[in-house]
Structures are given as structure tokens and as C-alpha cells.
>>> print(open('protein.cif').read())   # mmCIF, C-alpha atoms
data_run
#
loop_
_atom_site.group_PDB
_atom_site.id
_atom_site.type_symbol
_atom_site.label_atom_id
_atom_site.label_comp_id
_atom_site.auth_asym_id
_atom_site.auth_seq_id
_atom_site.Cartn_x
_atom_site.Cartn_y
_atom_site.Cartn_z
ATOM 1 C CA MET A 3 116.930 125.392 102.908
ATOM 2 C CA ASN A 4 120.193 123.513 103.453
ATOM 3 C CA ILE A 5 120.088 120.097 105.082
ATOM 4 C CA ALA A 6 122.779 117.677 106.254
ATOM 5 C CA ILE A 7 123.579 114.425 104.453
ATOM 6 C CA LYS A 8 124.626 111.556 106.721
ATOM 7 C CA SER A 9 126.310 108.281 105.928
ATOM 8 C CA MET A 10 125.048 104.977 107.262
ATOM 9 C CA ASP A 11 127.394 105.212 110.253
ATOM 10 C CA ASN A 12 125.867 108.600 111.228
ATOM 11 C CA ALA A 13 128.826 110.657 110.026
ATOM 12 C CA LYS A 14 128.164 113.946 108.280
ATOM 13 C CA LYS A 15 128.944 113.545 104.605
ATOM 14 C CA GLY A 16 127.932 116.974 103.321
ATOM 15 C CA THR A 17 124.957 119.248 102.796
ATOM 16 C CA ALA A 18 122.229 119.526 100.203
ATOM 17 C CA SER A 19 119.824 122.265 99.228
ATOM 18 C CA LEU A 20 116.186 121.215 99.326
ATOM 19 C CA PRO A 21 114.187 122.054 96.161
ATOM 20 C CA LYS A 22 111.319 124.523 96.141
ATOM 21 C CA GLN A 23 108.743 121.736 96.620
ATOM 22 C CA PHE A 24 109.687 121.637 100.320
ATOM 23 C CA ASP A 25 109.015 125.370 100.788
ATOM 24 C CA GLU A 26 105.227 125.041 100.527
ATOM 25 C CA PRO A 27 103.441 126.388 103.650
ATOM 26 C CA LEU A 28 101.370 124.019 105.754
ATOM 27 C CA ARG A 29 97.790 123.659 104.473
ATOM 28 C CA LYS A 30 96.016 121.208 106.770
ATOM 29 C CA GLU A 31 92.663 121.474 105.025
ATOM 30 C CA ILE A 32 94.152 120.637 101.603
ATOM 31 C CA ILE A 33 96.117 117.704 103.034
ATOM 32 C CA LYS A 34 93.011 116.357 104.746
ATOM 33 C CA LYS A 35 91.009 116.595 101.534
ATOM 34 C CA ALA A 36 93.691 114.706 99.574
ATOM 35 C CA VAL A 37 93.962 111.928 102.177
ATOM 36 C CA LEU A 38 90.188 111.450 102.354
ATOM 37 C CA ALA A 39 90.008 111.300 98.564
ATOM 38 C CA LEU A 40 92.612 108.517 98.523
ATOM 39 C CA GLN A 41 90.806 106.599 101.252
ATOM 40 C CA SER A 42 87.474 106.924 99.459
ATOM 41 C CA SER A 43 88.882 105.390 96.275
ATOM 42 C CA ALA A 44 89.969 102.334 98.264
ATOM 43 C CA ARG A 45 86.559 101.853 99.858
ATOM 44 C CA GLN A 46 84.699 98.717 98.825
ATOM 45 C CA PRO A 47 81.082 99.251 97.754
ATOM 46 C CA TYR A 48 78.445 97.342 99.666
ATOM 47 C CA GLY A 49 74.685 96.979 99.565
ATOM 48 C CA ALA A 50 71.695 94.815 100.380
ATOM 49 C CA ASP A 51 70.171 92.173 98.138
ATOM 50 C CA PRO A 52 67.519 93.978 96.045
ATOM 51 C CA GLU A 53 65.092 91.139 96.843
ATOM 52 C CA ALA A 54 65.753 91.162 100.604
ATOM 53 C CA GLY A 55 62.467 91.201 102.510
ATOM 54 C CA LYS A 56 60.459 90.741 99.328
ATOM 55 C CA LYS A 57 60.689 86.965 98.972
ATOM 56 C CA VAL A 58 57.174 86.348 100.255
ATOM 57 C CA SER A 59 53.714 86.519 98.755
ATOM 58 C CA ALA A 60 51.809 89.240 100.560
ATOM 59 C CA LYS A 61 49.135 89.960 97.973
ATOM 60 C CA LEU A 62 45.840 90.534 99.743
ATOM 61 C CA SER A 63 42.631 91.607 98.020
ATOM 62 C CA ARG A 64 40.698 94.612 99.341
ATOM 63 C CA ARG A 65 37.634 93.966 97.146
ATOM 64 C CA ARG A 66 34.153 92.886 98.297
ATOM 65 C CA ARG A 67 33.389 89.124 98.219
ATOM 66 C CA ASP A 68 36.934 88.152 97.146
ATOM 67 C CA TYR A 69 37.983 84.914 98.798
ATOM 68 C CA LYS A 70 40.814 85.466 101.308
ATOM 69 C CA GLY A 71 40.160 89.187 101.032
ATOM 70 C CA SER A 72 40.320 91.652 103.938
ATOM 71 C CA TYR A 73 37.267 93.708 102.915
ATOM 72 C CA GLY A 74 35.060 94.611 105.885
ATOM 73 C CA ILE A 75 37.491 93.237 108.501
ATOM 74 C CA GLY A 76 38.448 96.699 109.732
ATOM 75 C CA ILE A 77 42.260 96.358 109.467
ATOM 76 C CA SER A 78 44.858 98.713 108.110
ATOM 77 C CA ARG A 79 46.109 98.340 104.586
ATOM 78 C CA VAL A 80 49.501 96.873 105.482
ATOM 79 C CA PRO A 81 50.662 94.055 103.169
ATOM 80 C CA ARG A 82 49.939 90.757 104.924
ATOM 81 C CA LYS A 83 50.507 87.081 104.355
ATOM 82 C CA ILE A 84 48.034 84.383 105.430
ATOM 83 C CA MET A 85 49.374 82.116 108.168
ATOM 84 C CA SER A 86 46.276 79.946 108.763
ATOM 85 C CA ARG A 87 42.490 79.985 108.373
ATOM 86 C CA ARG A 88 39.357 78.733 110.102
ATOM 87 C CA GLY A 89 36.537 78.450 107.633
ATOM 88 C CA THR A 90 36.412 81.750 105.788
ATOM 89 C CA ARG A 91 38.261 83.587 108.534
ATOM 90 C CA MET A 92 41.941 84.161 107.689
ATOM 91 C CA ASN A 93 44.735 84.779 110.175
ATOM 92 C CA TRP A 94 47.193 87.265 108.767
ATOM 93 C CA VAL A 95 50.580 88.646 109.778
ATOM 94 C CA GLY A 96 52.235 91.784 108.441
ATOM 95 C CA ALA A 97 54.904 91.202 105.757
ATOM 96 C CA LEU A 98 56.905 92.918 103.017
ATOM 97 C CA ALA A 99 56.397 96.490 104.221
ATOM 98 C CA PRO A 100 59.052 98.366 106.263
ATOM 99 C CA GLY A 101 58.257 98.058 109.950
ATOM 100 C CA THR A 102 56.975 94.496 109.707
ATOM 101 C CA VAL A 103 58.848 91.434 110.927
ATOM 102 C CA GLY A 104 61.061 90.157 108.128
ATOM 103 C CA GLY A 105 59.995 92.978 105.825
ATOM 104 C CA ARG A 106 62.186 95.022 103.512
ATOM 105 C CA ARG A 107 64.146 98.052 104.655
ATOM 106 C CA ALA A 108 62.839 101.459 103.706
ATOM 107 C CA HIS A 109 66.176 102.785 102.435
ATOM 108 C CA PRO A 110 68.802 100.030 102.303
ATOM 109 C CA PRO A 111 72.408 100.731 101.205
ATOM 110 C CA LYS A 112 72.747 100.488 97.432
ATOM 111 C CA ALA A 113 75.638 98.576 95.881
ATOM 112 C CA GLY A 114 75.703 101.033 92.995
ATOM 113 C CA LYS A 115 76.584 104.020 95.160
ATOM 114 C CA VAL A 116 79.856 105.706 94.144
ATOM 115 C CA TRP A 117 82.028 106.344 97.210
ATOM 116 C CA GLU A 118 85.047 107.774 95.384
ATOM 117 C CA LYS A 119 85.683 111.483 95.854
ATOM 118 C CA LYS A 120 87.350 113.457 93.088
ATOM 119 C CA MET A 121 90.200 115.918 93.539
ATOM 120 C CA ASN A 122 91.872 118.280 91.103
ATOM 121 C CA LYS A 123 95.378 117.269 90.006
ATOM 122 C CA LYS A 124 96.895 120.638 90.862
ATOM 123 C CA GLU A 125 95.196 120.596 94.250
ATOM 124 C CA ASN A 126 96.556 117.109 94.924
ATOM 125 C CA ARG A 127 100.092 118.184 94.042
ATOM 126 C CA LEU A 128 99.709 121.163 96.358
ATOM 127 C CA ALA A 129 98.708 118.781 99.161
ATOM 128 C CA ILE A 130 101.770 116.595 98.559
ATOM 129 C CA ARG A 131 104.107 119.609 98.538
ATOM 130 C CA SER A 132 102.547 120.933 101.735
ATOM 131 C CA ALA A 133 102.927 117.537 103.429
ATOM 132 C CA MET A 134 106.545 117.312 102.222
ATOM 133 C CA GLY A 135 107.295 120.659 103.834
ATOM 134 C CA ALA A 136 105.669 119.523 107.102
ATOM 135 C CA VAL A 137 107.869 116.423 107.465
ATOM 136 C CA MET A 138 110.940 118.666 107.373
ATOM 137 C CA ARG A 139 109.809 120.700 110.399
ATOM 138 C CA ALA A 140 110.916 119.069 113.629
ATOM 139 C CA GLU A 141 108.305 120.797 115.790
ATOM 140 C CA ILE A 142 105.414 119.430 113.682
ATOM 141 C CA VAL A 143 106.858 115.907 113.609
ATOM 142 C CA SER A 144 107.489 115.917 117.357
ATOM 143 C CA ALA A 145 103.966 117.208 118.079
ATOM 144 C CA ARG A 146 102.567 114.238 116.167
ATOM 145 C CA GLY A 147 104.130 111.923 118.762
ATOM 146 C CA HIS A 148 107.242 110.705 116.944
ATOM 147 C CA LYS A 149 110.605 110.232 118.674
ATOM 148 C CA ILE A 150 112.897 112.346 116.502
ATOM 149 C CA PRO A 151 116.689 111.904 116.575
ATOM 150 C CA GLU A 152 119.170 114.671 117.219
ATOM 151 C CA GLY A 153 119.750 116.880 114.196
ATOM 152 C CA TYR A 154 116.465 115.979 112.504
ATOM 153 C CA PRO A 155 115.727 116.557 109.634
ATOM 154 C CA PHE A 156 118.586 115.134 107.561
ATOM 155 C CA LEU A 157 119.158 113.019 104.457
ATOM 156 C CA VAL A 158 120.853 109.646 104.255
ATOM 157 C CA ASP A 159 123.444 108.619 101.690
ATOM 158 C CA SER A 160 122.138 106.872 98.553
ATOM 159 C CA SER A 161 124.023 103.669 99.461
ATOM 160 C CA PHE A 162 121.212 103.095 101.982
ATOM 161 C CA GLU A 163 119.009 101.954 99.078
ATOM 162 C CA SER A 164 121.181 98.865 98.474
ATOM 163 C CA ILE A 165 120.487 97.269 101.880
ATOM 164 C CA ASP A 166 118.626 94.004 101.325
ATOM 165 C CA LYS A 167 118.173 92.548 104.834
ATOM 166 C CA THR A 168 115.745 93.596 107.547
ATOM 167 C CA ALA A 169 118.287 93.145 110.355
ATOM 168 C CA ASP A 170 120.762 95.414 108.552
ATOM 169 C CA VAL A 171 118.244 98.172 107.863
ATOM 170 C CA LYS A 172 117.076 98.154 111.512
ATOM 171 C CA ARG A 173 120.684 98.414 112.663
ATOM 172 C CA VAL A 174 121.388 101.361 110.346
ATOM 173 C CA LEU A 175 118.231 103.188 111.444
ATOM 174 C CA ALA A 176 119.215 102.691 115.084
ATOM 175 C CA VAL A 177 122.685 104.116 114.372
ATOM 176 C CA LEU A 178 121.081 107.136 112.670
ATOM 177 C CA GLY A 179 119.092 107.833 115.859
ATOM 178 C CA PHE A 180 115.729 106.242 115.083
ATOM 179 C CA LYS A 181 115.995 103.511 117.757
ATOM 180 C CA ASP A 182 113.374 105.085 120.042
ATOM 181 C CA GLU A 183 111.019 105.534 117.092
ATOM 182 C CA LEU A 184 111.407 101.870 116.089
ATOM 183 C CA VAL A 185 110.552 100.817 119.655
ATOM 184 C CA ARG A 186 107.539 103.158 119.695
ATOM 185 C CA ALA A 187 106.259 101.741 116.388
ATOM 186 C CA GLU A 188 106.228 98.184 117.788
ATOM 187 C CA ARG A 189 103.340 99.107 120.087
ATOM 188 C CA VAL A 190 100.107 97.281 119.234
ATOM 189 C CA THR A 191 96.815 98.288 120.869
ATOM 190 C CA PRO A 192 93.939 95.764 121.008
ATOM 191 C CA ARG A 193 90.559 96.900 119.727
ATOM 192 C CA THR A 194 87.272 96.036 121.353
ATOM 193 C CA GLY A 195 83.878 95.111 119.958
ATOM 194 C CA ARG A 196 83.194 93.772 116.471
ATOM 195 C CA ALA A 197 86.665 94.684 115.231
ATOM 196 C CA ASN A 198 87.935 91.259 116.334
ATOM 197 C CA THR A 199 85.754 89.513 113.772
ATOM 198 C CA ARG A 200 86.362 91.986 110.951
ATOM 199 C CA GLY A 201 90.098 91.772 110.433
ATOM 200 C CA ARG A 202 91.149 94.751 112.559
ATOM 201 C CA ALA A 203 91.553 93.296 116.045
ATOM 202 C CA HIS A 204 94.657 95.393 116.719
ATOM 203 C CA LYS A 205 95.629 98.997 116.069
ATOM 204 C CA LYS A 206 99.184 99.352 114.814
ATOM 205 C CA THR A 207 101.367 102.391 115.370
ATOM 206 C CA THR A 208 102.560 104.371 112.355
ATOM 207 C CA GLY A 209 106.340 104.663 112.257
ATOM 208 C CA ILE A 210 109.035 105.957 109.941
ATOM 209 C CA LEU A 211 108.592 106.591 106.223
ATOM 210 C CA VAL A 212 111.649 106.035 104.010
ATOM 211 C CA ILE A 213 111.646 107.608 100.556
ATOM 212 C CA VAL A 214 114.045 106.295 97.922
ATOM 213 C CA SER A 215 114.776 107.354 94.361
ATOM 214 C CA LYS A 216 113.569 104.179 92.607
ATOM 215 C CA GLU A 217 112.587 100.551 93.152
ATOM 216 C CA SER A 218 115.399 99.151 95.313
ATOM 217 C CA PRO A 219 116.233 96.225 97.659
ATOM 218 C CA VAL A 220 115.686 98.292 100.805
ATOM 219 C CA MET A 221 111.938 98.396 100.059
ATOM 220 C CA LYS A 222 111.673 94.658 100.684
ATOM 221 C CA ALA A 223 113.971 94.868 103.714
ATOM 222 C CA LEU A 224 111.763 97.536 105.331
ATOM 223 C CA SER A 225 108.528 95.645 104.650
ATOM 224 C CA ASN A 226 109.066 93.562 107.806
ATOM 225 C CA VAL A 227 109.819 96.493 110.119
ATOM 226 C CA PRO A 228 106.741 97.299 112.283
ATOM 227 C CA GLY A 229 105.136 100.628 111.381
ATOM 228 C CA ALA A 230 107.645 101.436 108.635
ATOM 229 C CA ASP A 231 106.883 102.194 104.989
ATOM 230 C CA CYS A 232 109.191 102.608 102.017
ATOM 231 C CA VAL A 233 108.193 104.144 98.701
ATOM 232 C CA ALA A 234 109.826 105.423 95.526
ATOM 233 C CA VAL A 235 109.688 109.206 95.388
ATOM 234 C CA HIS A 236 107.614 109.373 92.198
ATOM 235 C CA ALA A 237 104.859 107.274 93.890
ATOM 236 C CA LEU A 238 104.587 109.535 96.932
ATOM 237 C CA ASN A 239 101.104 110.585 98.039
ATOM 238 C CA ALA A 240 99.463 112.632 100.782
ATOM 239 C CA GLU A 241 98.297 109.623 102.815
ATOM 240 C CA LEU A 242 101.845 108.269 103.215
ATOM 241 C CA LEU A 243 103.141 111.673 104.358
ATOM 242 C CA ALA A 244 100.129 112.444 106.568
ATOM 243 C CA PRO A 245 98.462 109.221 107.785
ATOM 244 C CA GLY A 246 95.016 109.794 109.211
ATOM 245 C CA THR A 247 95.031 113.333 107.710
ATOM 246 C CA HIS A 248 97.586 114.448 110.340
ATOM 247 C CA PRO A 249 100.708 115.994 108.708
ATOM 248 C CA GLY A 250 104.208 115.575 110.095
ATOM 249 C CA ARG A 251 105.107 111.875 109.789
ATOM 250 C CA ILE A 252 108.758 111.176 110.632
ATOM 251 C CA THR A 253 110.434 110.757 107.244
ATOM 252 C CA LEU A 254 113.883 109.882 105.928
ATOM 253 C CA PHE A 255 114.791 110.868 102.356
ATOM 254 C CA THR A 256 117.807 109.492 100.538
ATOM 255 C CA ASP A 257 120.126 111.931 98.811
ATOM 256 C CA SER A 258 119.254 110.629 95.345
ATOM 257 C CA ALA A 259 115.505 110.896 96.036
ATOM 258 C CA VAL A 260 115.793 114.627 96.745
ATOM 259 C CA LYS A 261 117.942 115.054 93.638
ATOM 260 C CA ARG A 262 115.232 113.395 91.560
ATOM 261 C CA VAL A 263 112.564 115.693 93.021
ATOM 262 C CA ALA A 264 114.639 118.701 91.920
ATOM 263 C CA ALA A 265 115.717 117.337 88.519
ATOM 264 C CA GLU A 266 112.283 116.158 87.370
ATOM 265 C CA GLY A 267 110.243 118.869 89.086
ATOM 266 C CA LEU A 268 108.025 116.296 90.728
ATOM 267 C CA PHE A 269 104.672 117.444 92.182
ATOM 268 C CA THR A 270 104.801 120.774 90.387
ATOM 269 C CA ASN A 271 102.472 121.965 87.644
ATOM 270 C CA ASN A 272 105.004 122.416 84.850
ATOM 271 C CA LYS A 273 104.731 120.220 81.764
ATOM 272 C CA LYS A 274 108.135 118.583 82.244
ATOM 273 C CA SER A 275 107.242 117.045 85.587
ATOM 274 C CA VAL A 276 103.935 115.695 84.304
ATOM 275 C CA VAL A 277 105.575 114.059 81.267
ATOM 276 C CA LEU A 278 108.364 112.532 83.364
ATOM 277 C CA ALA A 279 105.900 111.251 85.949
ATOM 278 C CA LYS A 280 103.852 109.511 83.242
ATOM 279 C CA ALA A 281 107.032 108.045 81.735
ATOM 280 C CA SER A 282 108.189 106.694 85.108
ATOM 281 C CA VAL A 283 104.806 105.076 85.734
ATOM 282 C CA LYS A 284 104.841 103.542 82.243
ATOM 283 C CA SER A 285 108.357 102.138 82.741
ATOM 284 C CA ALA A 286 107.339 100.649 86.097
ATOM 285 C CA VAL A 287 104.286 98.987 84.529
ATOM 286 C CA ASP A 288 106.391 97.683 81.623
ATOM 287 C CA SER A 289 108.921 96.147 84.013
ATOM 288 C CA ILE A 290 106.141 94.426 86.004
ATOM 289 C CA VAL A 291 104.615 93.022 82.814
ATOM 290 C CA ALA A 292 108.027 91.822 81.615
ATOM 291 C CA ARG A 293 108.686 90.035 84.903
ATOM 292 C CA ALA A 294 105.245 88.396 84.798
ATOM 293 C CA LEU A 295 105.798 87.187 81.217
ATOM 294 C CA ALA A 296 109.236 85.816 82.082
ATOM 295 C CA GLN A 297 107.808 83.982 85.074
ATOM 296 C CA SER A 298 104.981 82.500 83.013
ATOM 297 C CA GLU A 299 107.506 81.246 80.431
ATOM 298 C CA THR A 300 109.556 79.463 83.105
ATOM 299 C CA MET A 301 106.422 77.807 84.530
ATOM 300 C CA LYS A 302 105.310 76.314 81.203
ATOM 301 C CA PRO A 303 105.646 72.477 81.061
ATOM 302 C CA ALA A 304 108.320 71.142 78.769
ATOM 303 C CA ALA A 305 107.069 69.974 75.390
ATOM 304 C CA LYS A 306 107.098 66.199 74.879
ATOM 305 C CA LYS A 307 109.354 64.857 72.161
ATOM 306 C CA VAL A 308 107.644 62.749 69.541
ATOM 307 C CA ASN A 309 109.695 60.066 67.895
ATOM 308 C CA LYS A 310 108.901 59.789 64.211
ATOM 309 C CA ALA A 311 109.042 56.289 62.860
#
>>> encode(input="protein.cif", output="C-alpha cells")
Amino acid sequence: MNIAIKSMDNAKKGTASLPKQFDEPLRKEIIKKAVLALQSSARQPYGADPEAGKKVSAKLSRRRRDYKGSYGIGISRVPRKIMSRRGTRMNWVGALAPGTVGGRRAHPPKAGKVWEKKMNKKENRLAIRSAMGAVMRAEIVSARGHKIPEGYPFLVDSSFESIDKTADVKRVLAVLGFKDELVRAERVTPRTGRANTRGRAHKKTTGILVIVSKESPVMKALSNVPGADCVAVHALNAELLAPGTHPGRITLFTDSAVKRVAAEGLFTNNKKSVVLAKASVKSAVDSIVARALAQSETMKPAAKKVNKA
């Protein structure tokens, strides 16, 4: 499949042939499985205190002639605590058992429960390839609700990756025809109910996804654009391409990103792509560690000079 390459002023610069990864047919069920697996790994475990509802003494004897016992009273064998007494007559109230006021829950959520869902590596790569093919089909992207520009899909010149200001990247996207999409992504819908107190008072609209070849300045510039995401091509996943398990997110690839997909065989099952992917991840981690070490060195207090007599 041949696709146009456009410069930042929306002029046609040439054409490129998309690699075979974009030819994968649409598999909605595989994409959904991959997205749910990613979301499950990000889920925070939760659970009740193991001692909840048990922090009370509700030991009550059922034996004959035991003081404070319930033998011969004609009551059910529910755990009870003594609230008061009159002579040898005790006044009880149910406690500890499920169904009693302040008692434990029968089956509370356990903090040790594993929420993460596993997915085969080859199946995950298939999901990414299928989602990549979906973003290149205008009818699927339009049906998802995006405002696609004329001539979509197309690639943008690699010089786009050097933009380092939010105002500049918004201007370039508007020139490329994404102005209506940027306006659509600014829409914020208020949520009702308990969401206000739990950090999700508003629902934000998902906008454009920009895919670059490597870590570049445009990633920081796009971080302040509502609804937009920017990611290096080797870190692409199914959730970015199909948010909410729905394939067909409006996506803009740079020319160099597509070249890297073809050269390294990303998201395929051959050995070369797996080795290169691991190497790219390792280099990214090494660079982060190096930056952290350099920053820690600059923050160290200067050593005091000691004058020797």
C-alpha cells in the first residue's frame, strides 16, 4: 500500500510503501483482549482489613451453669457480645457474624487477589498489527467519531519530530488538516455521582496519536495538547491504537517511524525484531539511568575545604 508523505506546510513531498505489518486484517476480538490485558496490569489491588468486624469479644458459653452463658435461654447460636446485665440476666447483641451490625463480611475483597491477565507475546503482536492496519483505513477512523482531514491517511516528514513548542505543533497539525479534530478533542464532559471525589470528575475526549521514530522534542510539545498522545514507535501498544478496545484512532506517523517499522521488523515474530526491540528498550533504560546519575551528581553539596595547619 502506497501512502503520501506531506511536509509541515501540507505540501506533498513524495510517497512511501507501508510495510507488511499494516496489511493485517481487522481482528476486533484480539485487539479487545490485548487492551483489557494492559488495563488489568495497571489495576491497583485492594482489599479489606483482615481484622475488620472481628475486633470485638463475642465469646459466649453454651454450657450448663456457666456464668454469662446462654444455656437454656432459647436463643439462636449467633455470636453475641454482652451489653449490660441485671443480676444473672445478660443483655446481648449480635456481633462478629455476617449479618450482624458491625460484623465481618462473609466474602470481603482480598488484597492478595491477582488482577493481571496474561497474553501470549505472538497474540499481542498480532493485536498491534491489526490495530495498526485499522488506523490506516479512513472509514474505520471516521466511524469512531474522529474528524479526518482530506487525503487521510498520510505520513508527515521526519522534520516534524524536531518541533519543541506546543504552539508550533498545534499550528502544524492545523495546517495538515487536523484543526477540527483538535477542537473536538478539547471537549470535556462532567461526570456525575462519586466520580467527583475519586479523581475522575470529567471525561476527556481521545484525540490524535502521533508516532515518532525515537525519543524527540515533539513528545514534550504534544503533552500539553488536549486529547493528544505521542509515542516512539517501538513502545507502541494496542491500548494507544485502540483506546477503550475500539480500533481506529486517528493517527499520524512520521516518515522515519514507518521506515523503522520496516527495517527492524517491529511487531513481527521473527528473531531479528525481538532482538532489536530488546536492545532499544535496554538503550532507553540506560539513557534514563545515565540522566538520573548525572542529575544526582549535580545536586550533591560541594565538599568543604579543610585548611591544614
>>> resolve_selection(input="protein.cif", expression="the PyMOL selection byres ((chain A and resi 139) around 12)", output="number ranges by chain")
A: 3, 5, 24-28, 132-138, 140-146, 150, 153-156, 249-253
>>> write_last_selection(input="protein.cif", atoms="C-alpha atoms", output="compact mmCIF listing (two decimals), in the frame of the given file")
# COMPACT_ATOMS: atom_id res chain seq x y z
CA MET A 3 116.93 125.39 102.91
CA ILE A 5 120.09 120.10 105.08
CA PHE A 24 109.69 121.64 100.32
CA ASP A 25 109.02 125.37 100.79
CA GLU A 26 105.23 125.04 100.53
CA PRO A 27 103.44 126.39 103.65
CA LEU A 28 101.37 124.02 105.75
CA SER A 132 102.55 120.93 101.74
CA ALA A 133 102.93 117.54 103.43
CA MET A 134 106.54 117.31 102.22
CA GLY A 135 107.30 120.66 103.83
CA ALA A 136 105.67 119.52 107.10
CA VAL A 137 107.87 116.42 107.46
CA MET A 138 110.94 118.67 107.37
CA ALA A 140 110.92 119.07 113.63
CA GLU A 141 108.30 120.80 115.79
CA ILE A 142 105.41 119.43 113.68
CA VAL A 143 106.86 115.91 113.61
CA SER A 144 107.49 115.92 117.36
CA ALA A 145 103.97 117.21 118.08
CA ARG A 146 102.57 114.24 116.17
CA ILE A 150 112.90 112.35 116.50
CA GLY A 153 119.75 116.88 114.20
CA TYR A 154 116.46 115.98 112.50
CA PRO A 155 115.73 116.56 109.63
CA PHE A 156 118.59 115.13 107.56
CA PRO A 249 100.71 115.99 108.71
CA GLY A 250 104.21 115.58 110.10
CA ARG A 251 105.11 111.88 109.79
CA ILE A 252 108.76 111.18 110.63
CA THR A 253 110.43 110.76 107.24
>>> atom_distance(input="protein.cif", atom1="CA of Ile32 in chain A", atom2="CA of Phe269 in chain A")
14.5 Å
>>> resolve_selection(input="protein.cif", expression="the PyMOL selection byres ((chain A and resi 18) around 12)", output="NGL selection string")
:A and (3-8 or 14-17 or 19-21 or 155-159 or 255-261 or 264)
>>> resolve_selection(input="protein.cif", expression="the PyMOL selection byres ((chain A and resi 98-115) around 7)", output="short mmCIF file (atom, residue, chain, number, x, y, z; two decimals) with C-alpha atoms, in the frame of the given file")
data_model
loop_
_atom_site.label_atom_id
_atom_site.label_comp_id
_atom_site.auth_asym_id
_atom_site.auth_seq_id
_atom_site.Cartn_x
_atom_site.Cartn_y
_atom_site.Cartn_z
CA PRO A 47 81.08 99.25 97.75
CA TYR A 48 78.44 97.34 99.67
CA GLY A 49 74.68 96.98 99.56
CA ALA A 50 71.69 94.82 100.38
CA ALA A 54 65.75 91.16 100.60
CA GLY A 55 62.47 91.20 102.51
CA LYS A 56 60.46 90.74 99.33
CA ALA A 60 51.81 89.24 100.56
CA PRO A 81 50.66 94.06 103.17
CA GLY A 96 52.24 91.78 108.44
CA ALA A 97 54.90 91.20 105.76
CA VAL A 116 79.86 105.71 94.14
CA TRP A 117 82.03 106.34 97.21
#
>>> closest_residue(input="protein.cif", among="A:Val190, A:Ile75, A:Leu175, A:Ile33", to="Ile130 in chain A", atoms="all atoms listed in the file")
A:Ile33
>>> residues_around(input="protein.cif", residues="Gly246 in chain A", least_positions_apart="3", cutoff="9 Å", atoms="only C-alpha atoms", output="list in words")
Lys34, Val37, Leu38, Glu241 and Pro249 of chain A
>>> closest_residue(input="protein.cif", among="A:Lys205, A:Lys124, A:His148, A:Lys222", to="Asp166 in chain A", atoms="all atoms listed in the file")
A:Lys222
>>> atom_distance(input="protein.cif", atom1="CA of Ser218 in chain A", atom2="CA of Ser164 in chain A")
6.6 Å
>>> atom_distance(input="protein.cif", atom1="CA of Ser59 in chain A", atom2="CA of Arg87 in chain A")
16.2 Å
>>> residues_around(input="protein.cif", residues="range 230-239 of chain A", least_positions_apart="5", cutoff="6 Å", atoms="all atoms listed in the file", output="PyMOL selection string")
chain A and resi 209-216+221
>>> closest_residue(input="protein.cif", among="A:Glu266, A:Gly229, A:Met10, A:Gly76", to="Arg189 in chain A", atoms="only C-alpha atoms")
A:Gly229
>>> residues_around(input="protein.cif", residues="range 167-170 of chain A", least_positions_apart="6", cutoff="9 Å", atoms="all atoms listed in the file", output="MDAnalysis selection string")
chainID A and resid 219:220 222:227
>>> closest_residue(input="protein.cif", among="A:His204, A:Val177, A:Gln41, A:Asp288", to="Ser9 in chain A", atoms="all atoms listed in the file")
A:Val177
>>> axis_aligned_box(input="protein.cif", around="range 248-251 of chain A", padding_each_side="5 Å", output="AutoDock Vina command-line options")
--center_x 101.3 --center_y 113.9 --center_z 109.5 --size_x 17.5 --size_y 14.1 --size_z 11.6
